[in-house]
Amino acid sequence: MTISDWVMILAVFLGPIVAVQLTKYLDAKKEKRQRKLDIFKTLMATRSYATSWDHVMTLNRIDLEFELAQPKEKAVIEAWKQYLDLLGDKTITGEQWGTKRVELLVELLYKMALVLDYDFDKTHIKNSSYSPMVHGNIDAQQAKIREGILQILEDKRGVPMNITNWPEQS
């Protein structure tokens with residue numbers, strides 16, 4: 001047998017193995033990117049609803065999917081750490097905290113957009129979400145209802161009652 005015969009035999013055996021390994025590698029890379037995209041898309045969709053369960057759970061996935069070894073992704077993790085530090089900060093007043101929260105969330109989303117090759121600027125990220133006022137009103141009403149029920153259950157408040165019709169006496 002000649003060298004070319006051995007090369008041909010080797011190619012016949014190794015070709016499918018290399019093809020399968022390459023396919024696995026490309027699939028894993030695609031899946032990894034898809035998980036990052038899912039995080040970005042959920043955070044973009046819920047950026048006006050920072051207390052929603054989806055928003056909070058998705059924030060907590062950032063550390064799992066973005067890697068410190070990649071410079072652009074490291075910037076995402078650093079932005080997430082700054083945002084997380086603020087979320088737990090009880091020393092800042094409400095209005096200052098709210099302004100800073102939006103600023104840091106926009107920065108985080110901007111860094112993710114860079115990693116995922118989206119062409120969004122910070123102004124677009126900050127101003128281009130829709131949040132109907134009625135949603136905020138409903139959230140405020142539900143919080144008020146929950147607080148009222150808790151006060152009743154904790155005996156801090158009674159249930160107001162008015163008698164409107166006295167039964168007739170015979």
# chains A, B, ... in the order shown; residues from 1 in each chain; ligands from 1
call {"tool": "residues_around", "arguments": {"residues": "region 38-47 of chain A", "least_positions_apart": "6", "cutoff": "7 Å", "atoms": "only C-alpha atoms", "output": "list in words"}}
result
His55, Thr58 and Met112 of chain A
call {"tool": "closest_residue", "arguments": {"among": "A:Asn137, A:Glu78, A:Ser48, A:Asp5", "to": "Ile125 (chain A)", "atoms": "only C-alpha atoms"}}
result
A:Ser48
call {"tool": "residues_around", "arguments": {"residues": "Leu68 (chain A)", "least_positions_apart": "4", "cutoff": "8 Å", "atoms": "only C-alpha atoms", "output": "PDB file with N, CA and C atoms, in the first residue's frame"}}
result
ATOM      1  N   GLU A  73     -17.546  40.048  27.864  1.00  0.00           N
ATOM      2  CA  GLU A  73     -18.441  39.419  28.830  1.00  0.00           C
ATOM      3  C   GLU A  73     -18.059  39.779  30.260  1.00  0.00           C
ATOM      4  N   LYS A  74     -16.778  39.986  30.489  1.00  0.00           N
ATOM      5  CA  LYS A  74     -16.326  40.436  31.810  1.00  0.00           C
ATOM      6  C   LYS A  74     -16.949  41.790  32.131  1.00  0.00           C
ATOM      7  N   ILE A  77     -20.425  41.215  33.443  1.00  0.00           N
ATOM      8  CA  ILE A  77     -20.427  40.750  34.836  1.00  0.00           C
ATOM      9  C   ILE A  77     -20.094  41.895  35.785  1.00  0.00           C
TER      10      ILE A  77
END
call {"tool": "residues_around", "arguments": {"residues": "Val76 (chain A)", "least_positions_apart": "2", "cutoff": "12 Å", "atoms": "only C-alpha atoms", "output": "PyMOL selection string"}}
result
chain A and resi 36+39-40+59+62-74+78-83+104-116
call {"tool": "select_by_dssp", "arguments": {"residues": "region 16-145 of chain A", "states": "alpha helix (DSSP H)", "output": "ChimeraX atom specification"}}
result
/A:16-45,53-59,62-65,71-87,94-115,122-127,133-145
call {"tool": "atom_distance", "arguments": {"atom1": "CA of Asp139 (chain A)", "atom2": "CA of Tyr49 (chain A)"}}
result
10.3 Å
call {"tool": "atom_distance", "arguments": {"atom1": "CA of Glu103 (chain A)", "atom2": "CA of Ala140 (chain A)"}}
result
23.3 Å
call {"tool": "atom_distance", "arguments": {"atom1": "CA of Asp54 (chain A)", "atom2": "CA of Gly94 (chain A)"}}
result
23.1 Å
